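Participant: If it helps, the file is called model_25.txt and holds compact mmCIF, C-alpha atoms and all ligand atoms:
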# COMPACT_ATOMS: atom_id res chain seq x y z
CA MET A 1029 2.39 15.79 16.60
CA HIS A 1030 -0.58 16.73 18.70
CA LEU A 1031 -3.32 18.97 17.48
CA ALA A 1032 -4.20 22.13 19.38
CA PRO A 1033 -7.85 22.04 20.55
CA LEU A 1034 -8.72 25.00 18.32
CA LEU A 1035 -7.51 23.08 15.27
CA VAL A 1036 -9.70 20.09 16.14
CA ILE A 1037 -12.74 22.31 16.26
CA GLN A 1038 -11.86 23.78 12.85
CA LEU A 1039 -11.43 20.32 11.33
CA LEU A 1040 -14.69 19.05 12.73
CA THR A 1041 -16.48 22.11 11.44
CA SER A 1042 -14.97 21.82 7.99
CA PHE A 1043 -15.77 18.12 7.86
CA GLY A 1044 -19.39 19.12 7.71
CA GLY A 1045 -20.73 15.67 8.46
CA CYS A 1046 -20.69 14.77 4.76
CA SER A 1047 -19.43 11.28 5.35
CA GLY A 1048 -19.78 9.88 8.79
CA SER A 1049 -19.84 11.09 12.34
CA SER A 1050 -17.11 12.99 14.08
CA SER A 1051 -16.06 9.81 15.89
CA PHE A 1052 -14.70 8.47 12.61
CA LEU A 1053 -12.84 11.73 12.17
CA ASP A 1054 -11.42 11.41 15.70
CA GLN A 1055 -10.38 7.87 14.89
CA ALA A 1056 -8.82 9.03 11.58
CA ILE A 1057 -6.77 11.71 13.33
CA GLU A 1058 -5.61 9.24 15.96
CA LEU A 1059 -4.51 6.79 13.25
CA MET A 1060 -2.71 9.50 11.33
CA GLU A 1061 -0.76 10.41 14.44
CA GLU A 1062 0.41 6.80 14.74
CA SER A 1063 1.07 5.92 11.07
CA PRO A 1064 2.10 8.15 8.20
CA LEU A 1065 -0.29 9.06 5.41
CA LEU A 1066 1.82 9.30 2.25
CA ASP A 1067 0.53 11.31 -0.69
CA THR A 1068 2.30 10.14 -3.85
CA HIS A 1069 1.68 13.20 -5.99
CA ILE A 1070 1.91 16.88 -5.01
CA ASP A 1071 2.85 19.53 -7.58
CA LEU A 1072 3.88 22.27 -5.13
CA PRO A 1073 7.27 22.79 -6.89
CA GLN A 1074 5.50 23.93 -10.06
CA ILE A 1075 3.50 26.52 -8.08
CA ILE A 1076 6.74 27.87 -6.63
CA ARG A 1077 8.24 28.06 -10.11
CA SER A 1078 5.13 29.57 -11.67
CA LEU A 1079 4.68 32.41 -9.17
CA ASN A 1080 8.21 33.71 -9.03
CA ARG A 1081 10.87 34.87 -11.41
CA ARG A 1082 13.34 33.78 -8.71
CA PRO A 1083 11.61 30.62 -7.46
CA LEU A 1084 13.93 30.05 -4.48
CA ASP A 1085 12.85 33.40 -3.02
CA ALA A 1086 9.30 32.02 -2.52
CA ILE A 1087 10.34 29.04 -0.41
CA PRO A 1088 10.36 30.78 3.03
CA GLN A 1089 6.69 31.71 2.47
CA LEU A 1090 5.65 28.03 2.60
CA ASN A 1091 5.63 28.40 6.37
CA SER A 1092 2.62 30.71 6.14
CA SER A 1093 -0.30 30.99 3.76
CA PHE A 1094 0.72 30.03 0.22
CA PRO A 1095 -1.40 30.11 -2.97
CA GLY A 1096 -2.78 26.77 -4.15
CA HIS A 1097 -3.69 23.66 -2.21
CA VAL A 1098 -0.59 23.19 -0.09
CA ASP A 1099 1.50 24.98 2.51
CA ILE A 1100 3.10 23.86 5.75
CA PRO A 1101 0.29 25.01 8.09
CA ARG A 1102 -2.34 23.18 6.01
CA MET A 1103 -0.21 20.03 5.71
CA ARG A 1104 0.20 20.06 9.50
CA GLN A 1105 -3.52 20.59 10.02
CA GLY A 1106 -4.22 17.71 7.63
CA ARG A 1107 -1.76 15.44 9.47
CA LEU A 1108 0.18 14.67 6.30
CA GLY A 1109 2.89 12.12 7.09
CA GLY A 1110 4.81 12.33 3.84
CA ALA A 1111 4.66 13.56 0.27
CA PHE A 1112 6.24 12.83 -3.05
CA TRP A 1113 7.16 16.25 -4.46
CA THR A 1114 6.95 16.23 -8.23
CA VAL A 1115 9.74 16.96 -10.66
CA TRP A 1116 7.85 17.90 -13.79
CA ALA A 1117 7.78 20.26 -16.74
CA PRO A 1118 4.91 20.41 -19.23
CA CYS A 1119 4.89 18.44 -22.47
CA TYR A 1120 5.94 19.87 -25.81
CA ASP A 1121 2.50 21.17 -26.75
CA VAL A 1122 2.36 23.40 -23.65
CA THR A 1123 5.92 24.73 -23.88
CA GLY A 1124 5.63 25.28 -27.62
CA GLU A 1125 8.64 23.07 -28.28
CA ASP A 1126 8.69 20.45 -31.00
CA PRO A 1127 11.10 17.56 -30.48
CA GLY A 1128 10.39 16.38 -34.03
CA SER A 1129 9.07 13.02 -35.06
CA ASP A 1130 12.39 11.42 -34.05
CA PHE A 1131 12.42 13.21 -30.63
CA ASN A 1132 15.89 14.55 -31.49
CA THR A 1133 15.27 18.31 -31.54
CA PRO A 1134 16.63 19.68 -28.24
CA THR A 1135 14.23 21.04 -25.63
CA ASN A 1136 14.69 22.69 -22.22
CA HIS A 1137 13.15 19.80 -20.33
CA LEU A 1138 16.34 18.43 -18.81
CA ARG A 1139 17.38 21.85 -17.46
CA ASP A 1140 13.88 22.51 -16.14
CA SER A 1141 13.77 19.14 -14.39
CA MET A 1142 17.06 19.83 -12.68
CA GLU A 1143 15.76 23.20 -11.55
CA MET A 1144 12.60 21.56 -10.18
CA LEU A 1145 14.72 19.08 -8.26
CA ASP A 1146 16.78 21.99 -6.94
CA ILE A 1147 13.57 23.68 -5.74
CA ILE A 1148 12.61 20.51 -3.86
CA GLN A 1149 16.04 20.20 -2.25
CA ASN A 1150 15.84 23.83 -1.17
CA MET A 1151 12.29 23.44 0.16
CA ILE A 1152 13.55 20.67 2.42
CA ALA A 1153 16.70 22.55 3.42
CA ARG A 1154 14.82 25.77 4.28
CA HIS A 1155 12.21 24.07 6.48
CA PRO A 1156 14.14 21.48 8.48
CA GLU A 1157 11.71 21.69 11.38
CA HIS A 1158 8.89 20.48 9.10
CA LEU A 1159 10.36 18.60 6.13
CA GLN A 1160 12.86 15.76 6.05
CA TYR A 1161 14.16 14.04 2.95
CA ALA A 1162 13.29 10.35 2.67
CA ARG A 1163 13.77 7.69 0.04
CA SER A 1164 13.10 4.37 1.78
CA SER A 1165 10.34 3.17 4.07
CA THR A 1166 12.83 3.27 6.95
CA GLU A 1167 13.55 6.91 6.21
CA VAL A 1168 9.83 7.71 5.98
CA TRP A 1169 9.33 6.24 9.44
CA SER A 1170 12.31 8.04 10.91
CA ALA A 1171 11.04 11.39 9.54
CA PHE A 1172 7.54 10.64 10.84
CA LYS A 1173 8.79 9.67 14.30
CA ALA A 1174 10.80 12.89 14.42
CA GLY A 1175 7.59 14.86 13.79
CA LYS A 1176 8.60 15.83 10.23
CA ILE A 1177 6.79 15.43 6.92
CA ALA A 1178 8.74 12.80 4.99
CA SER A 1179 9.75 14.37 1.66
CA LEU A 1180 10.26 12.04 -1.26
CA ILE A 1181 10.83 12.83 -4.92
CA GLY A 1182 8.80 11.67 -7.91
CA MET A 1183 9.54 12.47 -11.54
CA GLU A 1184 6.62 12.76 -13.93
CA GLY A 1185 7.36 11.92 -17.54
CA THR A 1186 10.21 10.50 -19.59
CA HIS A 1187 10.09 13.53 -21.91
CA LEU A 1188 12.19 15.09 -19.10
CA LEU A 1189 15.17 12.78 -19.61
CA GLY A 1190 16.75 14.17 -22.79
CA ASN A 1191 16.29 10.69 -24.31
CA SER A 1192 19.13 9.53 -22.08
CA LEU A 1193 19.53 6.60 -19.68
CA GLY A 1194 22.62 8.39 -18.37
CA ALA A 1195 20.39 11.26 -17.22
CA LEU A 1196 18.06 8.74 -15.56
CA ARG A 1197 20.94 7.17 -13.62
CA LEU A 1198 21.98 10.59 -12.32
CA PHE A 1199 18.41 11.42 -11.26
CA ALA A 1200 18.47 8.12 -9.34
CA GLN A 1201 21.58 9.28 -7.52
CA LEU A 1202 19.85 12.58 -6.74
CA GLY A 1203 17.09 10.73 -4.92
CA VAL A 1204 14.27 10.38 -7.47
CA ARG A 1205 12.10 7.54 -6.17
CA TYR A 1206 9.57 7.04 -8.95
CA LEU A 1207 9.48 7.77 -12.66
CA THR A 1208 6.17 8.11 -14.50
CA LEU A 1209 6.78 6.52 -17.90
CA THR A 1210 5.01 9.38 -19.72
CA HIS A 1211 3.15 12.58 -19.04
CA THR A 1212 0.53 13.67 -21.60
CA CYS A 1213 2.89 13.25 -24.58
CA HIS A 1214 4.71 10.35 -26.16
CA SER A 1215 8.45 10.24 -25.56
CA ALA A 1216 11.42 8.38 -27.00
CA PHE A 1217 10.69 5.76 -24.32
CA ALA A 1218 6.95 5.20 -24.15
CA SER A 1219 3.44 5.94 -25.42
CA SER A 1220 1.07 8.17 -23.47
CA ALA A 1221 -2.68 8.12 -22.83
CA GLY A 1222 -2.69 11.74 -24.02
CA PRO A 1223 -3.96 14.94 -22.45
CA GLY A 1224 -7.61 13.88 -22.06
CA GLY A 1225 -8.29 11.66 -25.00
CA PRO A 1226 -6.12 9.32 -27.03
CA ILE A 1227 -3.44 10.89 -29.24
CA ASP A 1228 -2.13 9.46 -32.50
CA PRO A 1229 0.29 6.61 -31.85
CA VAL A 1230 3.90 7.16 -32.90
CA HIS A 1231 5.46 3.94 -31.60
CA GLU A 1232 4.82 0.34 -32.59
CA GLY A 1233 1.78 -0.98 -30.75
CA ASN A 1234 1.35 2.41 -29.02
CA ALA A 1235 3.55 0.95 -26.28
CA LEU A 1236 7.19 1.02 -25.13
CA THR A 1237 10.07 1.58 -27.55
CA GLN A 1238 13.19 -0.60 -27.41
CA LEU A 1239 14.77 2.13 -25.29
CA GLY A 1240 11.68 2.17 -23.09
CA LYS A 1241 12.05 -1.55 -22.44
CA GLU A 1242 15.66 -0.94 -21.54
CA LEU A 1243 14.51 1.88 -19.25
CA VAL A 1244 12.20 -0.43 -17.29
CA ARG A 1245 15.10 -2.83 -16.67
CA GLU A 1246 17.29 0.09 -15.64
CA LEU A 1247 14.63 1.40 -13.24
CA ASN A 1248 14.50 -2.06 -11.65
CA ARG A 1249 18.28 -2.07 -11.32
CA VAL A 1250 18.59 1.38 -9.73
CA GLY A 1251 15.50 0.91 -7.53
CA ILE A 1252 13.20 3.57 -8.98
CA LEU A 1253 9.50 2.70 -8.93
CA VAL A 1254 7.94 2.20 -12.37
CA ASP A 1255 4.89 4.53 -12.42
CA LEU A 1256 2.24 3.74 -15.04
CA SER A 1257 -0.01 6.79 -14.50
CA HIS A 1258 -0.56 8.76 -17.73
CA THR A 1259 0.63 5.92 -19.97
CA SER A 1260 -1.31 4.18 -22.74
CA ASP A 1261 -2.92 0.87 -21.88
CA ALA A 1262 -0.42 -0.93 -24.12
CA THR A 1263 2.49 0.74 -22.27
CA MET A 1264 0.95 -0.40 -18.96
CA ARG A 1265 0.64 -4.02 -20.13
CA GLN A 1266 4.17 -4.19 -21.52
CA ALA A 1267 5.73 -2.58 -18.46
CA ILE A 1268 3.86 -4.91 -16.09
CA ALA A 1269 5.06 -7.93 -18.08
CA LEU A 1270 8.63 -6.66 -18.30
CA SER A 1271 9.28 -5.24 -14.84
CA GLU A 1272 10.93 -7.57 -12.37
CA ALA A 1273 9.86 -5.26 -9.56
CA PRO A 1274 6.32 -4.25 -8.53
CA VAL A 1275 4.71 -1.36 -10.42
CA VAL A 1276 2.71 1.63 -9.17
CA TRP A 1277 0.13 4.10 -10.35
CA THR A 1278 1.04 7.18 -8.31
CA HIS A 1279 -2.15 9.08 -9.21
CA ALA A 1280 -5.03 7.42 -11.08
CA GLY A 1281 -8.59 6.17 -10.66
CA ALA A 1282 -10.77 3.25 -11.76
CA ARG A 1283 -11.96 3.37 -15.38
CA ALA A 1284 -14.95 1.14 -14.62
CA LEU A 1285 -16.31 3.91 -12.39
CA TRP A 1286 -15.45 6.82 -14.64
CA ASP A 1287 -14.47 6.24 -18.26
CA HIS A 1288 -11.33 8.31 -18.66
CA PRO A 1289 -8.07 7.17 -20.31
CA ARG A 1290 -6.12 8.31 -17.22
CA ASN A 1291 -7.90 5.69 -15.12
CA VAL A 1292 -6.93 2.02 -14.91
CA PRO A 1293 -9.27 -0.48 -16.62
CA ASP A 1294 -10.35 -3.59 -14.74
CA ASP A 1295 -8.55 -6.00 -17.08
CA ILE A 1296 -5.25 -4.27 -16.27
CA LEU A 1297 -6.08 -4.13 -12.55
CA ARG A 1298 -6.51 -7.90 -12.76
CA LEU A 1299 -2.83 -8.20 -13.71
CA ILE A 1300 -1.88 -6.79 -10.29
CA GLY A 1301 -1.67 -9.12 -7.29
CA ASP A 1302 0.18 -12.19 -6.10
CA GLY A 1303 -1.50 -14.96 -8.08
CA PRO A 1304 0.00 -16.77 -11.06
CA GLY A 1305 0.96 -14.40 -13.87
CA LYS A 1306 0.37 -11.33 -11.70
CA LYS A 1307 2.71 -8.58 -10.60
CA ASP A 1308 2.62 -6.93 -7.21
CA GLY A 1309 1.84 -3.24 -7.19
CA VAL A 1310 -0.19 -0.44 -5.67
CA ILE A 1311 -2.75 1.95 -7.15
CA GLN A 1312 -2.89 5.36 -5.45
CA SER A 1313 -6.29 6.99 -5.96
CA ILE A 1314 -6.32 10.55 -7.26
CA PHE A 1315 -8.61 13.42 -6.14
CA PHE A 1316 -8.98 15.15 -9.55
CA PRO A 1317 -12.74 15.57 -10.36
CA PRO A 1318 -12.49 15.00 -14.16
CA PHE A 1319 -10.99 11.55 -13.45
CA ILE A 1320 -13.17 10.74 -10.43
CA GLY A 1321 -16.48 12.03 -11.79
CA PRO A 1322 -19.00 13.40 -11.83
CA ASN A 1323 -17.54 16.76 -12.67
CA PRO A 1324 -18.68 19.02 -11.09
CA GLY A 1325 -19.92 17.11 -8.09
CA ALA A 1326 -17.05 14.77 -7.23
CA ASN A 1327 -16.81 14.38 -3.46
CA VAL A 1328 -14.88 12.48 -0.81
CA SER A 1329 -17.34 9.61 -0.95
CA ARG A 1330 -16.74 9.24 -4.67
CA VAL A 1331 -12.95 9.04 -4.13
CA ALA A 1332 -13.63 6.26 -1.62
CA ASP A 1333 -15.75 4.50 -4.27
CA HIS A 1334 -12.72 4.42 -6.57
CA ILE A 1335 -10.49 3.08 -3.78
CA GLU A 1336 -13.06 0.38 -2.94
CA HIS A 1337 -13.55 -0.62 -6.57
CA ILE A 1338 -9.80 -0.98 -7.10
CA ALA A 1339 -9.41 -2.82 -3.77
CA GLY A 1340 -12.19 -5.18 -4.84
CA ILE A 1341 -9.94 -6.39 -7.65
CA VAL A 1342 -6.37 -6.05 -6.35
CA GLY A 1343 -7.01 -6.29 -2.59
CA LYS A 1344 -7.11 -3.75 0.20
CA ASN A 1345 -3.35 -4.14 0.57
CA ARG A 1346 -2.70 -2.65 -2.89
CA VAL A 1347 -4.42 0.74 -2.72
CA GLY A 1348 -3.39 4.16 -1.50
CA ILE A 1349 -3.92 7.91 -1.68
CA ALA A 1350 -2.64 10.56 -4.12
CA SER A 1351 -4.12 14.03 -4.20
CA ASP A 1352 -2.52 15.70 -7.25
CA PHE A 1353 -2.77 18.88 -5.16
CA ASP A 1354 -1.36 21.96 -6.88
CA GLY A 1355 -1.62 20.20 -10.23
CA MET A 1356 -5.34 20.67 -10.81
CA TYR A 1357 -7.68 23.59 -11.33
CA ILE A 1358 -10.59 22.15 -9.32
CA SER A 1359 -10.76 19.85 -6.34
CA VAL A 1360 -13.10 17.33 -4.78
CA ASP A 1361 -15.74 18.47 -2.24
CA GLY A 1362 -14.38 17.53 1.17
CA LEU A 1363 -10.79 17.23 -0.09
CA GLU A 1364 -10.22 20.82 -1.14
CA ASP A 1365 -6.67 21.21 0.13
CA ALA A 1366 -3.93 19.67 2.25
CA SER A 1367 -5.83 20.32 5.48
CA LYS A 1368 -8.54 17.78 4.52
CA TYR A 1369 -6.74 14.41 4.39
CA PRO A 1370 -8.49 13.12 7.55
CA ASN A 1371 -11.79 13.22 5.66
CA ILE A 1372 -10.86 10.42 3.27
CA VAL A 1373 -9.52 8.30 6.12
CA ALA A 1374 -12.74 8.90 8.10
CA GLU A 1375 -14.83 8.05 5.04
CA LEU A 1376 -13.22 4.62 4.62
CA LEU A 1377 -13.42 3.96 8.40
CA SER A 1378 -17.13 4.75 8.22
CA ARG A 1379 -17.45 2.07 5.52
CA GLY A 1380 -15.99 -0.57 7.81
CA TRP A 1381 -12.31 -0.52 6.86
CA THR A 1382 -10.32 -1.60 9.91
CA SER A 1383 -7.53 0.42 11.50
CA GLU A 1384 -5.01 -2.09 10.20
CA GLU A 1385 -6.36 -1.85 6.65
CA MET A 1386 -6.27 1.94 6.92
CA ARG A 1387 -2.63 1.95 7.98
CA GLY A 1388 -2.02 0.13 4.72
CA VAL A 1389 -4.07 2.55 2.60
CA MET A 1390 -2.43 5.54 4.24
CA GLY A 1391 1.11 4.42 3.47
CA GLY A 1392 1.85 0.87 4.58
CA ASN A 1393 0.89 -0.68 1.24
CA LEU A 1394 3.08 1.70 -0.70
CA MET A 1395 6.00 1.22 1.69
CA ARG A 1396 5.73 -2.57 1.28
CA ILE A 1397 6.03 -2.04 -2.49
CA MET A 1398 8.99 0.34 -1.98
CA ASP A 1399 10.71 -2.35 0.08
CA GLU A 1400 10.06 -4.94 -2.65
CA VAL A 1401 11.47 -2.59 -5.30
CA ASP A 1402 14.56 -2.06 -3.11
CA ALA A 1403 14.95 -5.84 -2.73
CA VAL A 1404 14.89 -6.31 -6.52
CA SER A 1405 17.44 -3.53 -6.94
CA GLU A 1406 19.66 -5.19 -4.34
CA ARG A 1407 19.38 -8.49 -6.21
CA LEU A 1408 20.40 -6.77 -9.47
CA ARG A 1409 23.25 -4.75 -7.96
CA ASP A 1410 25.98 -6.67 -9.83
CA GLN A 1411 24.39 -6.03 -13.22
CA LEU A 1412 26.14 -3.49 -15.42
CA PRO A 1413 24.33 -0.28 -16.38
CA SER A 1414 22.55 -0.43 -19.72
CA SER A 1415 24.65 1.00 -22.54
CA ALA A 1416 21.57 1.52 -24.73
CA ILE A 1417 21.05 4.86 -26.45
CA TRP A 1418 18.04 6.32 -28.25
CA GLU A 1419 18.41 4.55 -31.58
CA LYS A 1420 17.60 7.66 -33.62
CA ARG A 1421 20.39 9.81 -32.19
CA LYS A 1422 22.79 11.11 -34.82
CA ASP A 1423 25.32 12.76 -32.45
CA LEU A 1424 26.99 9.52 -31.35
CA PRO A 1425 29.77 8.67 -31.75
CA SER A 1426 30.87 12.30 -31.30
CA ILE A 1427 32.87 12.55 -34.49
CA LYS A 1428 32.80 16.35 -34.50
CA TRP A 1429 34.23 16.74 -31.03
CA GLY A 1430 37.85 16.74 -32.24
CA GLY A 1431 37.42 20.20 -33.67
CA GLY A 1432 38.76 21.09 -37.09
CA GLY A 1433 41.47 23.09 -38.88
CA ILE A 1434 44.07 24.44 -36.45
CA GLN A 1435 41.73 23.75 -33.53
CA THR A 1436 42.17 20.02 -32.95
CA TYR A 1437 41.52 18.49 -29.56
CA TRP A 1438 42.08 14.82 -30.34
CA PRO A 1439 45.39 13.05 -29.96
CA ARG A 1440 46.74 11.95 -33.37
CA ASP A 1441 45.87 8.27 -32.98
CA VAL A 1442 42.30 9.16 -32.01
CA LYS A 1443 42.02 11.43 -35.05
CA ASP A 1444 43.33 8.64 -37.30
CA ALA A 1445 40.87 6.17 -35.81
CA VAL A 1446 37.92 8.51 -36.22
CA GLU A 1447 38.85 9.27 -39.82
CA LYS A 1448 38.93 5.56 -40.63
CA MET A 1449 35.61 4.95 -38.95
CA THR A 1450 32.51 4.27 -40.98
CA VAL A 1451 29.71 5.74 -38.96
CA ARG A 1452 26.48 3.97 -39.62
CA HIS A 1453 23.08 5.05 -38.47
CA ASP A 1454 21.37 2.39 -40.52
CA GLU A 1455 18.68 1.94 -37.91
CA LEU A 1456 17.49 5.52 -38.35
ZN ZN A 1501 -0.09 13.77 -13.48
Translate this file's structure into C-alpha cells.

Facilitator:
Amino acid sequence: MHLAPLLVIQLLTSFGGCSGSSSFLDQAIELMEESPLLDTHIDLPQIIRSLNRRPLDAIPQLNSSFPGHVDIPRMRQGRLGGAFWTVWAPCYDVTGEDPGSDFNTPTNHLRDSMEMLDIIQNMIARHPEHLQYARSSTEVWSAFKAGKIASLIGMEGTHLLGNSLGALRLFAQLGVRYLTLTHTCHSAFASSAGPGGPIDPVHEGNALTQLGKELVRELNRVGILVDLSHTSDATMRQAIALSEAPVVWTHAGARALWDHPRNVPDDILRLIGDGPGKKDGVIQSIFFPPFIGPNPGANVSRVADHIEHIAGIVGKNRVGIASDFDGMYISVDGLEDASKYPNIVAELLSRGWTSEEMRGVMGGNLMRIMDEVDAVSERLRDQLPSSAIWEKRKDLPSIKWGGGGIQTYWPRDVKDAVEKMTVRHDEL
C-alpha cells in the first residue's frame, strides 16, 4: 500500500514532533510498508455489539468513520499490517451473573463468545478488499503482500468456555489463535489479577486449577498461544513452568515502571528467554494509560519506555505492540487511535533501534513465537485430546438424559446399566 501525499501531510502534522523528527516517521512508514505491524489486542467486535441491537448491520459502516479508536480508513492511515480481533464478554460482576463458588451456575458467556466470533467472521467476509483471515505467520505474510490487513482471532478469558475443554477444542477449529487464561475474574481454570487490584483467591495458591493445568497442555496440543495477560502472578509462574510451548502477554506493561497488577514484574520477565530454566515468549506492550502511567499524562515516549524496560530483561527479540484499542476509555497522547501506529515505530527508531530490530517489534518476534507454538503442536499431534472435565460438575454422567415414565429414550440395556451405576461425585 502506498500513501497518498495528502495522507502523509496529515500524519506528519498529527505527529506533532513529540518524539523525533519527521525523518524517523518517514522511516517508520517505509518499514511498515515492507513488514507487517501486528497489534495483538483490538476490541472492535465489542464496539459493534455494544452500538447495535443487530450487530451485523453495523459492519458495512467500518469502511467509513466508526465510533471508537478503529475503522478501516484509520487502520489504513496507520499502516496496520494485522490485528487480533478479540472474542470477549465481560466477567460475572459486569453482566450481573453469578456462577456460584463452584462455577457451575450457567451463564450466557459461551453463547456471547460464539456471537463475537460470528461478528469477526462477518467483518472479514464483508470487507474482503481490506481484511483477510490469518492464523499462521505464513498467512499473515500472504495477507500483507496482498495489501490486506491480516485478521487473526484472540479469545480473552476462560470464563467464556463454559468450564469445558470440548468448547476450547471447537474454538481452536474455528480459528482462535490465543486464549487469555483469565479476564478480570477467576474461572474454573485459573486465577486472575482482578479488575484493578487483587481479588480474594478462590483456588489453591491463587493459581491454576487441575483443569487449568490440563487446559495449558491442551492449548499446546491444539496450537493456541497461552496468553498470561490479566492472570495472577502465581498463574503466570505455573503456566510458564507447565507450557511446552512459548507463552505470550498479548497486552501488558512492565510493573517495575508502573506498579499495577496487570503489568509483568521483573522476576517473571526473567523467566522468559532462551537460557537454562527459561521459556521463550513475547510481551506485547499495551497503550492503556492506567497501566502505562502516569495517568493522565501517558504518552508515546512512555509506551516506548515500557518496551525498552521489558526488552532490557527478555531481549529486543521478545517484545511487541498491543494497543487495546476500543477496550479503553482513555488513550495515550500520540497513540490516540488506529491512525497513529507509525508514532511508536518512529519513537523507537529515534532511540536507536535498528530497522531489523523494529521488524521484530512490529510483528517478527510474535510470528517467530507463533511458529514455535505451531511446531510444538505438530510434535504433539498424535496425543489424544484431554478427557478431563471440571471436577465440580454434577451433570456428568448424564443420568437424567434417558427421560422418565413413558418418555424413555435409552435402549433397555443402557437403562439397566445406568440404574446399576453408582454415581460418585466424591471430589466435590
Ligand atoms: Zn484485556

Participant: Please report the interatomic distance between CA of Arg1205 (chain A) and CA of His1288 (chain A) in Å with one decimal.

Facilitator: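 Atom-to-atom, CA of Arg1205 (chain A) to CA of His1288 (chain A), that is 26.6 Å.
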
Participant: Name the closest residue to ligand ZN 1501 (chain A) among the candidates A:Leu1209, A:Ile1427, A:Val1254, A:Leu1108; distances are taken between atoms, counting only C-alpha atoms and all ligand atoms.

Facilitator: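 The shortest atom-to-atom distance to ligand ZN 1501 (chain A) comes from A:Leu1209.
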
Participant: Can you work out the spacing between CA of Ser1192 (chain A) and CA of His1069 (chain A) in Å, to one decimal?

Facilitator: 24.0 Å

Participant: Within 9 Å of ligand ZN 1501 (chain A) (counting only C-alpha atoms and all ligand atoms), which residues show up? I'd like them as a list of chain:residue names.

Facilitator: A:His1069, A:Asp1071, A:Trp1116, A:Glu1184, A:Gly1185, A:Thr1208, A:His1211, A:Thr1212, A:Ser1257, A:His1258, A:Thr1278, A:His1279, A:Ala1280, A:Arg1290, A:Asp1352, A:Gly1355

Participant: Need to verify the contact set: Arg1409 (chain A), 10 Å, only C-alpha atoms, exclusion of same-chain residues closer than 2 positions in sequence. Can you return it as a ChimeraX atom specification?

Facilitator: /A:1248-1251,1403-1407,1411-1413

Participant: In terms of the shortest atom-to-atom distance over all atoms listed in the file, which of A:Leu1253, A:Asp1402, A:Asp1261, A:His1334 is closest to Ala1235 (chain A)?

Facilitator: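 Looking at the shortest contact to Ala1235 (chain A), the residue is A:Asp1261.
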
Participant: Considering only C-alpha atoms, can you say which of A:Arg1245, A:Asp1444, A:Thr1068, A:Thr1450 comes closest to Leu1408 (chain A)?

Facilitator: A:Arg1245

Participant: Name the residues in contact with region 1386-1397 of chain A at a cut-off of 9 Å, using all atoms listed in the file, excluding same-chain residues fewer than 3 positions from it; report them as a ChimeraX atom specification.

Facilitator: /A:1056,1059-1060,1062-1067,1109-1110,1164-1166,1168,1253,1273-1276,1308-1312,1344-1349,1373,1376-1377,1381-1383,1400-1402

Participant: For the residues selected in the previous step, produce a file with C-alpha atoms as a short mmCIF file (atom, residue, chain, number, x, y, z; two decimals), keeping the file's coordinate frame.

Facilitator:
data_model
loop_
_atom_site.label_atom_id
_atom_site.label_comp_id
_atom_site.auth_asym_id
_atom_site.auth_seq_id
_atom_site.Cartn_x
_atom_site.Cartn_y
_atom_site.Cartn_z
CA ALA A 1056 -8.82 9.03 11.58
CA LEU A 1059 -4.51 6.79 13.25
CA MET A 1060 -2.71 9.50 11.33
CA GLU A 1062 0.41 6.80 14.74
CA SER A 1063 1.07 5.92 11.07
CA PRO A 1064 2.10 8.15 8.20
CA LEU A 1065 -0.29 9.06 5.41
CA LEU A 1066 1.82 9.30 2.25
CA ASP A 1067 0.53 11.31 -0.69
CA GLY A 1109 2.89 12.12 7.09
CA GLY A 1110 4.81 12.33 3.84
CA SER A 1164 13.10 4.37 1.78
CA SER A 1165 10.34 3.17 4.07
CA THR A 1166 12.83 3.27 6.95
CA VAL A 1168 9.83 7.71 5.98
CA LEU A 1253 9.50 2.70 -8.93
CA ALA A 1273 9.86 -5.26 -9.56
CA PRO A 1274 6.32 -4.25 -8.53
CA VAL A 1275 4.71 -1.36 -10.42
CA VAL A 1276 2.71 1.63 -9.17
CA ASP A 1308 2.62 -6.93 -7.21
CA GLY A 1309 1.84 -3.24 -7.19
CA VAL A 1310 -0.19 -0.44 -5.67
CA ILE A 1311 -2.75 1.95 -7.15
CA GLN A 1312 -2.89 5.36 -5.45
CA LYS A 1344 -7.11 -3.75 0.20
CA ASN A 1345 -3.35 -4.14 0.57
CA ARG A 1346 -2.70 -2.65 -2.89
CA VAL A 1347 -4.42 0.74 -2.72
CA GLY A 1348 -3.39 4.16 -1.50
CA ILE A 1349 -3.92 7.91 -1.68
CA VAL A 1373 -9.52 8.30 6.12
CA LEU A 1376 -13.22 4.62 4.62
CA LEU A 1377 -13.42 3.96 8.40
CA TRP A 1381 -12.31 -0.52 6.86
CA THR A 1382 -10.32 -1.60 9.91
CA SER A 1383 -7.53 0.42 11.50
CA GLU A 1400 10.06 -4.94 -2.65
CA VAL A 1401 11.47 -2.59 -5.30
CA ASP A 1402 14.56 -2.06 -3.11
#

Participant: Could you tell me how far CA of Lys1422 (chain A) sits from CA of Tyr1437 (chain A), in Å to one decimal place?

Facilitator: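 So the two atoms, CA of Tyr1437 (chain A) and CA of Lys1422 (chain A), lie 20.8 Å apart.
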
Participant: Between A:Ile1252, A:Gly1096, A:Leu1138, A:Val1292, which has the minimum distance to Ser1359 (chain A) (counting all atoms listed in the file)?

Facilitator: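 Closest to Ser1359 (chain A), using all atoms listed in the file: A:Gly1096.
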
Participant: Missing atoms in region 1188-1192 of chain A should be modelled up to N, CA and C atoms and reported as a PDB file, in the frame of the given file.

Facilitator:
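Contents of the output file part.pdb:
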ATOM      1  N   LEU A1188      11.274  14.251 -19.887  1.00  0.00           N
ATOM      2  CA  LEU A1188      12.190  15.090 -19.100  1.00  0.00           C
ATOM      3  C   LEU A1188      13.638  14.612 -19.173  1.00  0.00           C
ATOM      4  N   LEU A1189      13.869  13.436 -19.759  1.00  0.00           N
ATOM      5  CA  LEU A1189      15.170  12.780 -19.610  1.00  0.00           C
ATOM      6  C   LEU A1189      16.166  13.065 -20.734  1.00  0.00           C
ATOM      7  N   GLY A1190      15.812  13.919 -21.690  1.00  0.00           N
ATOM      8  CA  GLY A1190      16.750  14.170 -22.790  1.00  0.00           C
ATOM      9  C   GLY A1190      17.080  12.906 -23.551  1.00  0.00           C
ATOM     10  N   ASN A1191      16.134  11.972 -23.609  1.00  0.00           N
ATOM     11  CA  ASN A1191      16.290  10.690 -24.310  1.00  0.00           C
ATOM     12  C   ASN A1191      17.430   9.836 -23.762  1.00  0.00           C
ATOM     13  N   SER A1192      17.861  10.076 -22.541  1.00  0.00           N
ATOM     14  CA  SER A1192      19.130   9.530 -22.080  1.00  0.00           C
ATOM     15  C   SER A1192      19.004   8.674 -20.815  1.00  0.00           C
TER      16      SER A1192
END
